[in-house]
$ cat model30.pdb   # PDB, C-alpha atoms
ATOM      1  CA  MET A   1      -5.715 -38.781  12.755
ATOM      2  CA  SER A   2      -7.852 -41.882  12.326
ATOM      3  CA  GLU A   3     -10.363 -42.182   9.490
ATOM      4  CA  THR A   4     -14.075 -42.504  10.126
ATOM      5  CA  PRO A   5     -15.142 -46.016   9.100
ATOM      6  CA  VAL A   6     -17.913 -46.508   6.568
ATOM      7  CA  PRO A   7     -20.948 -48.179   8.174
ATOM      8  CA  ALA A   8     -21.325 -51.823   7.177
ATOM      9  CA  ASP A   9     -24.719 -51.194   5.558
ATOM     10  CA  ARG A  10     -23.475 -48.338   3.341
ATOM     11  CA  THR A  11     -21.281 -48.364   0.237
ATOM     12  CA  PRO A  12     -19.140 -45.310  -0.626
ATOM     13  CA  VAL A  13     -20.553 -43.422  -3.607
ATOM     14  CA  ALA A  14     -18.041 -43.180  -6.453
ATOM     15  CA  ALA A  15     -17.495 -39.704  -7.854
ATOM     16  CA  ARG A  16     -18.505 -39.180 -11.467
ATOM     17  CA  ASP A  17     -15.423 -39.527 -13.677
ATOM     18  CA  ARG A  18     -16.027 -36.263 -15.538
ATOM     19  CA  GLY A  19     -17.220 -34.246 -12.556
ATOM     20  CA  ASP A  20     -20.743 -33.100 -11.814
ATOM     21  CA  LEU A  21     -23.216 -33.109 -14.685
ATOM     22  CA  LEU A  22     -25.217 -29.883 -14.935
ATOM     23  CA  GLU A  23     -28.542 -30.108 -16.774
ATOM     24  CA  ILE A  24     -30.102 -27.113 -18.530
ATOM     25  CA  ALA A  25     -33.292 -26.832 -20.579
ATOM     26  CA  ALA A  26     -35.413 -24.401 -22.583
ATOM     27  CA  GLY A  27     -38.302 -25.106 -24.941
ATOM     28  CA  PRO A  28     -37.676 -28.436 -26.721
ATOM     29  CA  TYR A  29     -33.929 -28.447 -25.877
ATOM     30  CA  ARG A  30     -32.113 -30.273 -23.079
ATOM     31  CA  ALA A  31     -28.337 -30.249 -22.543
ATOM     32  CA  GLY A  32     -25.921 -31.793 -20.063
ATOM     33  CA  ILE A  33     -22.592 -30.128 -19.266
ATOM     34  CA  SER A  34     -19.719 -31.763 -17.358
ATOM     35  CA  LEU A  35     -17.495 -29.781 -15.023
ATOM     36  CA  VAL A  36     -14.454 -31.531 -16.491
ATOM     37  CA  GLY A  37     -13.609 -29.679 -19.682
ATOM     38  CA  ALA A  38     -16.949 -27.789 -19.717
ATOM     39  CA  THR A  39     -17.876 -30.664 -22.036
ATOM     40  CA  VAL A  40     -21.266 -30.796 -23.755
ATOM     41  CA  GLU A  41     -22.199 -34.369 -22.876
ATOM     42  CA  HIS A  42     -25.564 -34.388 -24.602
ATOM     43  CA  LEU A  43     -27.937 -32.102 -26.461
ATOM     44  CA  THR A  44     -31.453 -33.152 -27.440
ATOM     45  CA  VAL A  45     -34.415 -31.581 -29.208
ATOM     46  CA  ASP A  46     -37.781 -33.144 -28.382
ATOM     47  CA  GLY A  47     -35.826 -36.064 -26.889
ATOM     48  CA  ARG A  48     -33.727 -36.741 -30.004
ATOM     49  CA  ASP A  49     -29.941 -36.697 -29.719
ATOM     50  CA  LEU A  50     -28.211 -33.994 -31.755
ATOM     51  CA  LEU A  51     -24.716 -35.088 -30.665
ATOM     52  CA  VAL A  52     -22.815 -38.355 -30.259
ATOM     53  CA  ARG A  53     -22.595 -39.075 -26.536
ATOM     54  CA  ASN A  54     -19.623 -40.078 -24.427
ATOM     55  CA  PRO A  55     -19.569 -43.313 -22.424
ATOM     56  CA  GLU A  56     -21.203 -43.009 -19.008
ATOM     57  CA  SER A  57     -17.902 -43.504 -17.177
ATOM     58  CA  GLY A  58     -14.233 -42.970 -17.840
ATOM     59  CA  PRO A  59     -12.659 -40.079 -19.740
ATOM     60  CA  MET A  60     -14.262 -38.197 -22.586
ATOM     61  CA  ARG A  61     -14.072 -40.246 -25.774
ATOM     62  CA  LEU A  62     -12.559 -38.799 -28.981
ATOM     63  CA  TYR A  63     -13.072 -35.223 -27.733
ATOM     64  CA  ARG A  64     -16.847 -35.533 -28.099
ATOM     65  CA  GLY A  65     -18.394 -32.242 -27.014
ATOM     66  CA  ALA A  66     -15.048 -30.760 -25.934
ATOM     67  CA  VAL A  67     -13.989 -27.148 -25.640
ATOM     68  CA  VAL A  68     -10.567 -26.997 -27.322
ATOM     69  CA  ALA A  69      -8.083 -24.275 -26.264
ATOM     70  CA  PRO A  70      -5.545 -22.624 -26.286
ATOM     71  CA  TRP A  71      -5.001 -24.122 -29.726
ATOM     72  CA  PRO A  72      -7.380 -26.066 -31.976
ATOM     73  CA  ASN A  73      -6.382 -29.154 -33.907
ATOM     74  CA  ARG A  74      -2.650 -30.024 -34.045
ATOM     75  CA  ILE A  75       0.833 -28.670 -33.503
ATOM     76  CA  GLY A  76       3.273 -30.761 -35.519
ATOM     77  CA  ASP A  77       6.021 -32.216 -33.301
ATOM     78  CA  GLY A  78       4.522 -30.185 -30.443
ATOM     79  CA  ARG A  79       7.184 -27.565 -31.104
ATOM     80  CA  TYR A  80       6.615 -23.888 -31.861
ATOM     81  CA  THR A  81       8.326 -20.502 -31.615
ATOM     82  CA  TRP A  82       6.705 -17.476 -30.002
ATOM     83  CA  ASP A  83       8.443 -14.107 -29.687
ATOM     84  CA  GLY A  84      11.825 -15.780 -29.828
ATOM     85  CA  GLN A  85      10.944 -18.530 -27.355
ATOM     86  CA  GLU A  86      11.447 -22.109 -28.548
ATOM     87  CA  ILE A  87       8.665 -24.051 -26.869
ATOM     88  CA  GLN A  88       8.083 -27.817 -26.714
ATOM     89  CA  THR A  89       4.728 -29.092 -25.505
ATOM     90  CA  ALA A  90       3.678 -32.683 -24.806
ATOM     91  CA  LEU A  91       2.842 -34.973 -27.736
ATOM     92  CA  THR A  92      -0.745 -35.910 -26.936
ATOM     93  CA  GLU A  93      -1.195 -37.597 -30.330
ATOM     94  CA  PRO A  94       1.939 -39.776 -30.075
ATOM     95  CA  ASP A  95       1.142 -42.057 -33.014
ATOM     96  CA  ARG A  96       1.297 -39.004 -35.310
ATOM     97  CA  GLY A  97       3.882 -37.049 -33.327
ATOM     98  CA  ASN A  98       1.557 -34.110 -32.689
ATOM     99  CA  ALA A  99       0.224 -32.039 -29.798
ATOM    100  CA  LEU A 100      -3.541 -32.384 -30.170
ATOM    101  CA  HIS A 101      -6.450 -30.141 -29.167
ATOM    102  CA  GLY A 102      -4.941 -27.831 -26.608
ATOM    103  CA  LEU A 103      -4.787 -28.193 -22.829
ATOM    104  CA  VAL A 104      -8.181 -27.696 -21.169
ATOM    105  CA  SER A 105     -10.417 -30.517 -22.429
ATOM    106  CA  PHE A 106      -9.627 -32.665 -19.393
ATOM    107  CA  GLN A 107      -9.177 -29.835 -16.901
ATOM    108  CA  ALA A 108     -11.637 -29.164 -14.071
ATOM    109  CA  PHE A 109     -13.861 -26.100 -14.364
ATOM    110  CA  VAL A 110     -15.745 -24.462 -11.501
ATOM    111  CA  PRO A 111     -19.284 -23.078 -11.744
ATOM    112  CA  VAL A 112     -19.576 -19.300 -11.767
ATOM    113  CA  SER A 113     -23.350 -19.345 -12.143
ATOM    114  CA  VAL A 114     -25.956 -22.034 -12.765
ATOM    115  CA  SER A 115     -29.613 -21.551 -13.690
ATOM    116  CA  GLY A 116     -32.286 -23.586 -15.391
ATOM    117  CA  ASP A 117     -31.208 -22.645 -18.902
ATOM    118  CA  GLU A 118     -27.574 -21.527 -18.516
ATOM    119  CA  VAL A 119     -24.270 -22.504 -16.923
ATOM    120  CA  VAL A 120     -21.129 -20.386 -16.730
ATOM    121  CA  LEU A 121     -17.935 -22.292 -15.937
ATOM    122  CA  ARG A 122     -14.371 -21.099 -15.429
ATOM    123  CA  THR A 123     -10.877 -22.533 -15.278
ATOM    124  CA  GLU A 124      -7.416 -21.024 -14.851
ATOM    125  CA  LEU A 125      -4.693 -22.249 -17.159
ATOM    126  CA  PHE A 126      -1.421 -21.716 -15.357
ATOM    127  CA  PRO A 127       1.927 -21.403 -17.168
ATOM    128  CA  SER A 128       3.665 -24.678 -18.006
ATOM    129  CA  PRO A 129       6.831 -25.549 -19.967
ATOM    130  CA  GLY A 130       4.729 -26.360 -23.035
ATOM    131  CA  TYR A 131       2.559 -23.225 -22.762
ATOM    132  CA  PRO A 132       4.272 -20.618 -20.537
ATOM    133  CA  PHE A 133       1.278 -18.271 -20.553
ATOM    134  CA  HIS A 134      -1.411 -17.547 -17.970
ATOM    135  CA  LEU A 135      -5.058 -17.551 -19.077
ATOM    136  CA  LEU A 136      -8.474 -17.436 -17.455
ATOM    137  CA  LEU A 137     -11.088 -19.244 -19.557
ATOM    138  CA  THR A 138     -14.811 -18.710 -19.078
ATOM    139  CA  VAL A 139     -17.325 -20.918 -20.894
ATOM    140  CA  ARG A 140     -21.011 -20.075 -21.112
ATOM    141  CA  HIS A 141     -23.441 -22.732 -22.335
ATOM    142  CA  ALA A 142     -27.079 -21.655 -22.666
ATOM    143  CA  VAL A 143     -30.136 -23.196 -24.300
ATOM    144  CA  GLU A 144     -32.762 -21.062 -26.006
ATOM    145  CA  PRO A 145     -36.153 -22.248 -27.308
ATOM    146  CA  GLU A 146     -35.412 -21.201 -30.904
ATOM    147  CA  ALA A 147     -31.607 -20.987 -31.185
ATOM    148  CA  GLY A 148     -30.820 -24.232 -29.367
ATOM    149  CA  LEU A 149     -27.458 -24.462 -27.605
ATOM    150  CA  VAL A 150     -25.425 -21.239 -27.672
ATOM    151  CA  SER A 151     -21.839 -21.467 -26.393
ATOM    152  CA  THR A 152     -19.335 -18.678 -25.779
ATOM    153  CA  VAL A 153     -15.696 -19.029 -24.725
ATOM    154  CA  THR A 154     -13.866 -16.014 -23.325
ATOM    155  CA  ALA A 155     -10.108 -16.051 -22.736
ATOM    156  CA  LEU A 156      -8.432 -13.417 -20.541
ATOM    157  CA  ASN A 157      -4.651 -13.080 -20.453
ATOM    158  CA  LEU A 158      -3.640 -12.873 -16.786
ATOM    159  CA  GLY A 159       0.083 -12.991 -17.539
ATOM    160  CA  GLY A 160       2.723 -10.397 -18.235
ATOM    161  CA  GLN A 161       3.508 -11.335 -21.845
ATOM    162  CA  ASP A 162       1.534 -11.678 -25.055
ATOM    163  CA  ALA A 163       0.057 -15.173 -25.431
ATOM    164  CA  PRO A 164      -0.738 -17.181 -28.580
ATOM    165  CA  TYR A 165      -4.335 -18.355 -28.568
ATOM    166  CA  GLY A 166      -6.942 -20.242 -30.566
ATOM    167  CA  VAL A 167     -10.187 -22.025 -29.724
ATOM    168  CA  CYS A 168     -12.869 -24.279 -31.159
ATOM    169  CA  PRO A 169     -15.637 -26.684 -30.089
ATOM    170  CA  HIS A 170     -15.554 -30.375 -30.968
ATOM    171  CA  PRO A 171     -19.119 -31.739 -31.280
ATOM    172  CA  TYR A 172     -20.061 -34.730 -33.409
ATOM    173  CA  LEU A 173     -23.403 -33.767 -34.951
ATOM    174  CA  VAL A 174     -26.174 -36.326 -35.495
ATOM    175  CA  ALA A 175     -28.790 -35.586 -38.169
ATOM    176  CA  GLY A 176     -31.009 -38.584 -37.466
ATOM    177  CA  PRO A 177     -31.157 -42.328 -36.859
ATOM    178  CA  GLU A 178     -30.098 -43.208 -40.406
ATOM    179  CA  PRO A 179     -26.411 -43.852 -41.257
ATOM    180  CA  LEU A 180     -24.119 -40.851 -41.752
ATOM    181  CA  ASP A 181     -23.582 -41.807 -45.399
ATOM    182  CA  THR A 182     -27.255 -41.028 -46.086
ATOM    183  CA  TRP A 183     -27.192 -37.560 -44.520
ATOM    184  CA  SER A 184     -27.136 -34.536 -46.829
ATOM    185  CA  LEU A 185     -24.526 -31.903 -46.016
ATOM    186  CA  THR A 186     -24.794 -28.201 -46.812
ATOM    187  CA  MET A 187     -21.576 -26.258 -46.309
ATOM    188  CA  GLY A 188     -20.178 -23.362 -48.321
ATOM    189  CA  ALA A 189     -16.389 -23.095 -48.437
ATOM    190  CA  GLY A 190     -14.082 -21.758 -51.149
ATOM    191  CA  THR A 191     -10.783 -23.213 -49.935
ATOM    192  CA  VAL A 192      -9.664 -26.507 -48.390
ATOM    193  CA  MET A 193      -6.413 -27.109 -46.539
ATOM    194  CA  THR A 194      -4.487 -30.063 -47.934
ATOM    195  CA  VAL A 195      -2.782 -32.339 -45.398
ATOM    196  CA  THR A 196      -0.391 -35.267 -45.208
ATOM    197  CA  GLU A 197      -2.075 -38.664 -45.022
ATOM    198  CA  ASP A 198       0.016 -39.961 -42.139
ATOM    199  CA  ARG A 199       0.086 -36.979 -39.753
ATOM    200  CA  LEU A 200      -2.764 -34.767 -41.038
ATOM    201  CA  LEU A 201      -0.431 -31.766 -41.096
ATOM    202  CA  PRO A 202      -0.943 -28.951 -43.607
ATOM    203  CA  THR A 203       0.805 -28.980 -46.965
ATOM    204  CA  GLY A 204      -1.017 -26.048 -48.568
ATOM    205  CA  THR A 205      -4.469 -25.023 -49.757
ATOM    206  CA  ALA A 206      -6.602 -25.705 -52.803
ATOM    207  CA  PRO A 207      -9.732 -24.103 -54.234
ATOM    208  CA  VAL A 208     -13.079 -25.845 -53.827
ATOM    209  CA  GLY A 209     -14.829 -25.375 -57.141
ATOM    210  CA  PRO A 210     -18.057 -26.669 -58.644
ATOM    211  CA  GLY A 211     -18.015 -30.453 -58.841
ATOM    212  CA  ASP A 212     -15.173 -30.785 -56.346
ATOM    213  CA  PRO A 213     -15.631 -33.667 -53.856
ATOM    214  CA  PHE A 214     -15.766 -31.056 -51.071
ATOM    215  CA  ASP A 215     -18.254 -28.786 -52.844
ATOM    216  CA  PHE A 216     -21.334 -28.828 -50.622
ATOM    217  CA  ARG A 217     -22.675 -25.375 -51.447
ATOM    218  CA  SER A 218     -25.823 -27.202 -52.515
ATOM    219  CA  PRO A 219     -26.997 -30.055 -50.274
ATOM    220  CA  ARG A 220     -25.988 -33.560 -51.281
ATOM    221  CA  PRO A 221     -25.430 -36.866 -49.467
ATOM    222  CA  ILE A 222     -22.048 -37.399 -47.841
ATOM    223  CA  ALA A 223     -22.095 -41.002 -49.158
ATOM    224  CA  ASP A 224     -18.754 -42.760 -48.588
ATOM    225  CA  LEU A 225     -16.644 -39.575 -48.811
ATOM    226  CA  PHE A 226     -13.874 -39.331 -46.197
ATOM    227  CA  ILE A 227     -13.468 -35.836 -44.754
ATOM    228  CA  ASP A 228     -10.910 -34.760 -42.173
ATOM    229  CA  HIS A 229     -10.014 -31.337 -43.507
ATOM    230  CA  ALA A 230     -10.036 -27.670 -42.594
ATOM    231  CA  PHE A 231     -11.883 -25.180 -44.787
ATOM    232  CA  THR A 232     -11.794 -21.397 -45.108
ATOM    233  CA  ASP A 233     -13.271 -18.688 -47.336
ATOM    234  CA  LEU A 234     -16.563 -19.690 -45.787
ATOM    235  CA  VAL A 235     -19.867 -18.616 -47.301
ATOM    236  CA  ARG A 236     -21.446 -16.196 -44.838
ATOM    237  CA  GLU A 237     -24.743 -14.408 -44.354
ATOM    238  CA  ASP A 238     -25.025 -10.620 -44.205
ATOM    239  CA  ASP A 239     -24.269 -10.602 -40.465
ATOM    240  CA  GLY A 240     -21.122 -12.703 -40.929
ATOM    241  CA  THR A 241     -22.625 -15.992 -39.766
ATOM    242  CA  PHE A 242     -21.772 -19.228 -41.564
ATOM    243  CA  ARG A 243     -23.835 -22.402 -41.228
ATOM    244  CA  VAL A 244     -23.238 -26.121 -41.614
ATOM    245  CA  ARG A 245     -26.440 -28.108 -42.061
ATOM    246  CA  LEU A 246     -27.128 -31.836 -42.004
ATOM    247  CA  ASP A 247     -30.434 -33.364 -43.151
ATOM    248  CA  ALA A 248     -31.385 -36.996 -42.603
ATOM    249  CA  PRO A 249     -33.691 -38.862 -45.014
ATOM    250  CA  GLY A 250     -36.459 -39.076 -42.394
ATOM    251  CA  GLY A 251     -36.827 -35.297 -42.138
ATOM    252  CA  THR A 252     -34.784 -34.618 -39.008
ATOM    253  CA  GLY A 253     -31.620 -32.573 -39.016
ATOM    254  CA  VAL A 254     -29.086 -30.435 -37.182
ATOM    255  CA  GLU A 255     -27.301 -27.169 -37.935
ATOM    256  CA  MET A 256     -24.229 -25.488 -36.481
ATOM    257  CA  SER A 257     -23.426 -21.809 -36.939
ATOM    258  CA  ALA A 258     -20.611 -19.452 -35.938
ATOM    259  CA  GLY A 259     -19.571 -15.863 -36.498
ATOM    260  CA  THR A 260     -16.675 -13.952 -37.982
ATOM    261  CA  GLU A 261     -14.297 -14.738 -35.121
ATOM    262  CA  CYS A 262     -14.132 -18.287 -36.534
ATOM    263  CA  SER A 263     -12.430 -18.008 -39.919
ATOM    264  CA  TRP A 264     -11.750 -21.742 -40.283
ATOM    265  CA  LEU A 265     -13.883 -24.872 -40.128
ATOM    266  CA  GLN A 266     -12.713 -28.429 -39.500
ATOM    267  CA  VAL A 267     -15.057 -31.200 -40.672
ATOM    268  CA  HIS A 268     -14.505 -34.902 -40.013
ATOM    269  CA  THR A 269     -16.679 -37.877 -40.905
ATOM    270  CA  GLY A 270     -15.593 -39.687 -37.743
ATOM    271  CA  ASP A 271     -13.945 -42.623 -39.481
ATOM    272  CA  ARG A 272     -12.655 -45.119 -36.904
ATOM    273  CA  PRO A 273     -11.143 -48.612 -37.028
ATOM    274  CA  GLU A 274     -13.627 -49.850 -34.400
ATOM    275  CA  PRO A 275     -16.885 -50.817 -36.164
ATOM    276  CA  GLU A 276     -19.005 -49.678 -33.208
ATOM    277  CA  GLU A 277     -17.393 -46.191 -33.317
ATOM    278  CA  ASN A 278     -17.144 -45.696 -37.071
ATOM    279  CA  ARG A 279     -18.911 -42.711 -38.703
ATOM    280  CA  LEU A 280     -21.388 -42.177 -35.865
ATOM    281  CA  GLY A 281     -21.522 -38.411 -36.331
ATOM    282  CA  LEU A 282     -19.994 -35.540 -38.255
ATOM    283  CA  ALA A 283     -17.421 -33.512 -36.307
ATOM    284  CA  VAL A 284     -18.003 -29.832 -37.085
ATOM    285  CA  GLU A 285     -15.443 -27.499 -35.498
ATOM    286  CA  PRO A 286     -15.558 -23.735 -36.119
ATOM    287  CA  MET A 287     -11.957 -22.654 -35.441
ATOM    288  CA  THR A 288     -10.332 -19.275 -34.893
ATOM    289  CA  CYS A 289      -7.146 -20.535 -36.577
ATOM    290  CA  PRO A 290      -6.218 -23.521 -38.758
ATOM    291  CA  PRO A 291      -4.349 -26.751 -37.941
ATOM    292  CA  ASP A 292      -0.678 -26.246 -37.004
ATOM    293  CA  ALA A 293      -1.262 -22.508 -36.579
ATOM    294  CA  PHE A 294       1.204 -22.196 -33.695
ATOM    295  CA  ARG A 295       3.953 -23.143 -36.173
ATOM    296  CA  SER A 296       2.654 -21.276 -39.232
ATOM    297  CA  GLY A 297       1.343 -18.234 -37.359
ATOM    298  CA  THR A 298      -1.793 -18.171 -39.536
ATOM    299  CA  ASP A 299      -4.679 -16.369 -37.789
ATOM    300  CA  VAL A 300      -3.248 -16.997 -34.305
ATOM    301  CA  VAL A 301      -4.743 -14.555 -31.811
ATOM    302  CA  ARG A 302      -2.094 -12.449 -30.066
ATOM    303  CA  LEU A 303      -3.592 -11.929 -26.626
ATOM    304  CA  ALA A 304      -1.895  -9.020 -24.841
ATOM    305  CA  PRO A 305      -1.737  -8.850 -21.029
ATOM    306  CA  GLY A 306      -5.162  -7.928 -19.690
ATOM    307  CA  GLN A 307      -6.787  -8.463 -23.103
ATOM    308  CA  GLN A 308      -9.617 -10.909 -23.691
ATOM    309  CA  HIS A 309     -10.944 -12.766 -26.706
ATOM    310  CA  GLU A 310     -14.465 -14.109 -27.236
ATOM    311  CA  ALA A 311     -15.826 -16.676 -29.689
ATOM    312  CA  SER A 312     -19.344 -18.099 -29.982
ATOM    313  CA  TRP A 313     -21.209 -20.839 -31.855
ATOM    314  CA  SER A 314     -24.613 -22.501 -31.704
ATOM    315  CA  ILE A 315     -26.308 -25.819 -32.481
ATOM    316  CA  ARG A 316     -29.986 -26.288 -33.233
ATOM    317  CA  GLY A 317     -32.016 -29.233 -34.488
ATOM    318  CA  TRP A 318     -35.406 -30.354 -35.745
TER     319      TRP A 318
END
$ encode --input "model30.pdb" --output "structure tokens"
Amino acid sequence: MSETPVPADRTPVAARDRGDLLEIAAGPYRAGISLVGATVEHLTVDGRDLLVRNPESGPMRLYRGAVVAPWPNRIGDGRYTWDGQEIQTALTEPDRGNALHGLVSFQAFVPVSVSGDEVVLRTELFPSPGYPFHLLLTVRHAVEPEAGLVSTVTALNLGGQDAPYGVCPHPYLVAGPEPLDTWSLTMGAGTVMTVTEDRLLPTGTAPVGPGDPFDFRSPRPIADLFIDHAFTDLVREDDGTFRVRLDAPGGTGVEMSAGTECSWLQVHTGDRPEPEENRLGLAVEPMTCPPDAFRSGTDVVRLAPGQQHEASWSIRGW
């Protein structure tokens, strides 16, 4: 069958590299969500960016705004054991020999519903040699005039065996136009996970006491501190919510919150070798399980056939 030629006066329109961009808005908030990965491409309050943006074209950069599942963070060597199965998944962080950030961040999602202030997207994760389990993931992103962006990820096990599961978001928060080193961080955590310098794999835990470099129970500037650590024993409100707050010197700021389903929190100052990428925003990742959980088993969700798991978080700014 012959192809229909393109008229000489028309140029084919290139498809957007990360799929359609869905815009939602409510009150002072505006957000853009890509169909690839259900990625939060941008979030603004009164026109000010609350997140570091991706480039306009090409793949998502450094997992900015990603939904990370079915495991957060890393699996050392990409190798884990589940119910007697020895499983090897692809090393997506080859320089460190790790499997990084799950399997769905670059996968296409389809819209279930789209309105002016909410999108619901869905993708099916079929069994593969590195993750022989069958999940249906549904992501809801909604903006509310007071709460800001509220995101919920629901995983349903479609398969016939129990599946290991974990999830987190991966936004880089922006407090204001001033450098990250000048932002004040408020974050209550009683325990930090220690990691190897070369591979960022867990070696144990340590208490975070008064005066510790990671003690941000009271707000103080990040300064030149390097953070790429997971925290637990999080300080929570009466309803179980924990909050991470950033304040810029000019009076603007951003806050992320999550509930009891997220018992771990990864924080990263975004240090990069490229000067134009270095310390642009603070990665704040509420996680249902810690780094390397598929090997340690710590807080991994066991998702039985037909069972679903839900986790939510929100971002607001001023």
$ residues_around --input "model30.pdb" --residues "Pro291 in chain A" --least-positions-apart "4" --cutoff "7 Å" --atoms "all atoms listed in the file" --output "ChimeraX atom specification"
/A:72-74,202
$ resolve_selection --input "model30.pdb" --expression "the PyMOL selection byres ((chain A and resi 303-316) around 9)" --output "PyMOL selection string"
chain A and resi 29+43+45+50+146-165+167-169+173+253-262+286+288+301-302+317-318
$ atom_distance --input "model30.pdb" --atom1 "CA of Thr44 in chain A" --atom2 "CA of Gly65 in chain A"
13.1 Å
$ residues_around --input "model30.pdb" --residues "Val40 in chain A" --least-positions-apart "6" --cutoff "9 Å" --atoms "all atoms listed in the file" --output "PyMOL selection string"
chain A and resi 31-34+51+53+64-67+141+171
$ atom_distance --input "model30.pdb" --atom1 "CA of Asp83 in chain A" --atom2 "CA of Thr123 in chain A"
25.5 Å
$ atom_distance --input "model30.pdb" --atom1 "CA of Pro129 in chain A" --atom2 "CA of Ala90 in chain A"
9.2 Å
$ resolve_selection --input "model30.pdb" --expression "the PyMOL selection byres ((chain A and resi 245) around 7)" --output "PyMOL selection string"
chain A and resi 185-187+243-244+246-247+254-256
$ resolve_selection --input "model30.pdb" --expression "the PyMOL selection byres ((chain A and resi 119) around 10)" --output "mmCIF file with C-alpha atoms, keeping the file's coordinate frame"
data_model
loop_
_atom_site.group_PDB
_atom_site.id
_atom_site.type_symbol
_atom_site.label_atom_id
_atom_site.label_comp_id
_atom_site.auth_asym_id
_atom_site.auth_seq_id
_atom_site.Cartn_x
_atom_site.Cartn_y
_atom_site.Cartn_z
ATOM 1 C CA LEU A 22 -25.217 -29.883 -14.935
ATOM 2 C CA GLU A 23 -28.542 -30.108 -16.774
ATOM 3 C CA ILE A 24 -30.102 -27.113 -18.530
ATOM 4 C CA GLY A 32 -25.921 -31.793 -20.063
ATOM 5 C CA ILE A 33 -22.592 -30.128 -19.266
ATOM 6 C CA ALA A 38 -16.949 -27.789 -19.717
ATOM 7 C CA PRO A 111 -19.284 -23.078 -11.744
ATOM 8 C CA VAL A 112 -19.576 -19.300 -11.767
ATOM 9 C CA SER A 113 -23.350 -19.345 -12.143
ATOM 10 C CA VAL A 114 -25.956 -22.034 -12.765
ATOM 11 C CA SER A 115 -29.613 -21.551 -13.690
ATOM 12 C CA GLY A 116 -32.286 -23.586 -15.391
ATOM 13 C CA ASP A 117 -31.208 -22.645 -18.902
ATOM 14 C CA GLU A 118 -27.574 -21.527 -18.516
ATOM 15 C CA VAL A 120 -21.129 -20.386 -16.730
ATOM 16 C CA LEU A 121 -17.935 -22.292 -15.937
ATOM 17 C CA VAL A 139 -17.325 -20.918 -20.894
ATOM 18 C CA ARG A 140 -21.011 -20.075 -21.112
ATOM 19 C CA HIS A 141 -23.441 -22.732 -22.335
ATOM 20 C CA ALA A 142 -27.079 -21.655 -22.666
ATOM 21 C CA VAL A 143 -30.136 -23.196 -24.300
ATOM 22 C CA SER A 151 -21.839 -21.467 -26.393
#
$ residues_around --input "model30.pdb" --residues "Ala99 in chain A" --least-positions-apart "3" --cutoff "9 Å" --atoms "all atoms listed in the file" --output "list in words"
Asn73, Arg74, Ile75, Gly76, Asp77, Gly78, Arg79, Thr89, Ala90, Leu91, Thr92, Glu93, Pro94, Arg96 and Gly102 of chain A
$ write_last_selection --input "model30.pdb" --atoms "C-alpha atoms" --output "compact mmCIF listing (two decimals), keeping the file's coordinate frame"
# COMPACT_ATOMS: atom_id res chain seq x y z
CA ASN A 73 -6.38 -29.15 -33.91
CA ARG A 74 -2.65 -30.02 -34.04
CA ILE A 75 0.83 -28.67 -33.50
CA GLY A 76 3.27 -30.76 -35.52
CA ASP A 77 6.02 -32.22 -33.30
CA GLY A 78 4.52 -30.18 -30.44
CA ARG A 79 7.18 -27.56 -31.10
CA THR A 89 4.73 -29.09 -25.50
CA ALA A 90 3.68 -32.68 -24.81
CA LEU A 91 2.84 -34.97 -27.74
CA THR A 92 -0.74 -35.91 -26.94
CA GLU A 93 -1.20 -37.60 -30.33
CA PRO A 94 1.94 -39.78 -30.08
CA ARG A 96 1.30 -39.00 -35.31
CA GLY A 102 -4.94 -27.83 -26.61
$ residues_around --input "model30.pdb" --residues "Pro177 in chain A" --least-positions-apart "3" --cutoff "9 Å" --atoms "all atoms listed in the file" --output "PDB file with C-alpha atoms, in the frame of the given file"
ATOM      1  CA  VAL A 174     -26.174 -36.326 -35.495  1.00  0.00           C
ATOM      2  CA  LEU A 180     -24.119 -40.851 -41.752  1.00  0.00           C
ATOM      3  CA  ALA A 248     -31.385 -36.996 -42.603  1.00  0.00           C
ATOM      4  CA  GLY A 250     -36.459 -39.076 -42.394  1.00  0.00           C
ATOM      5  CA  THR A 252     -34.784 -34.618 -39.008  1.00  0.00           C
TER       6      THR A 252
END
$ axis_aligned_box --input "model30.pdb" --around "range 159-164 of chain A" --padding-each-side "3 Å" --output "lines of an AutoDock Vina configuration file"
center_x = 1.4
center_y = -13.8
center_z = -23.1
size_x = 10.2
size_y = 12.8
size_z = 17.0
$ closest_residue --input "model30.pdb" --among "A:Gly166, A:Gly27, A:Gly190, A:Gly270" --to "Leu137 in chain A" --atoms "all atoms listed in the file"
A:Gly166
$ closest_residue --input "model30.pdb" --among "A:Pro70, A:Gly251, A:Pro145, A:Gly130" --to "Arg30 in chain A" --atoms "all atoms listed in the file"
A:Pro145
$ closest_residue --input "model30.pdb" --among "A:Pro221, A:Thr203, A:Val104, A:Val110" --to "Leu125 in chain A" --atoms "only C-alpha atoms"
A:Val104
$ closest_residue --input "model30.pdb" --among "A:Glu41, A:Thr182, A:Arg199, A:Gly19" --to "Gly97 in chain A" --atoms "all atoms listed in the file"
A:Arg199
$ closest_residue --input "model30.pdb" --among "A:Pro219, A:Gly297, A:Pro132, A:Gly209" --to "Gln88 in chain A" --atoms "all atoms listed in the file"
A:Pro132
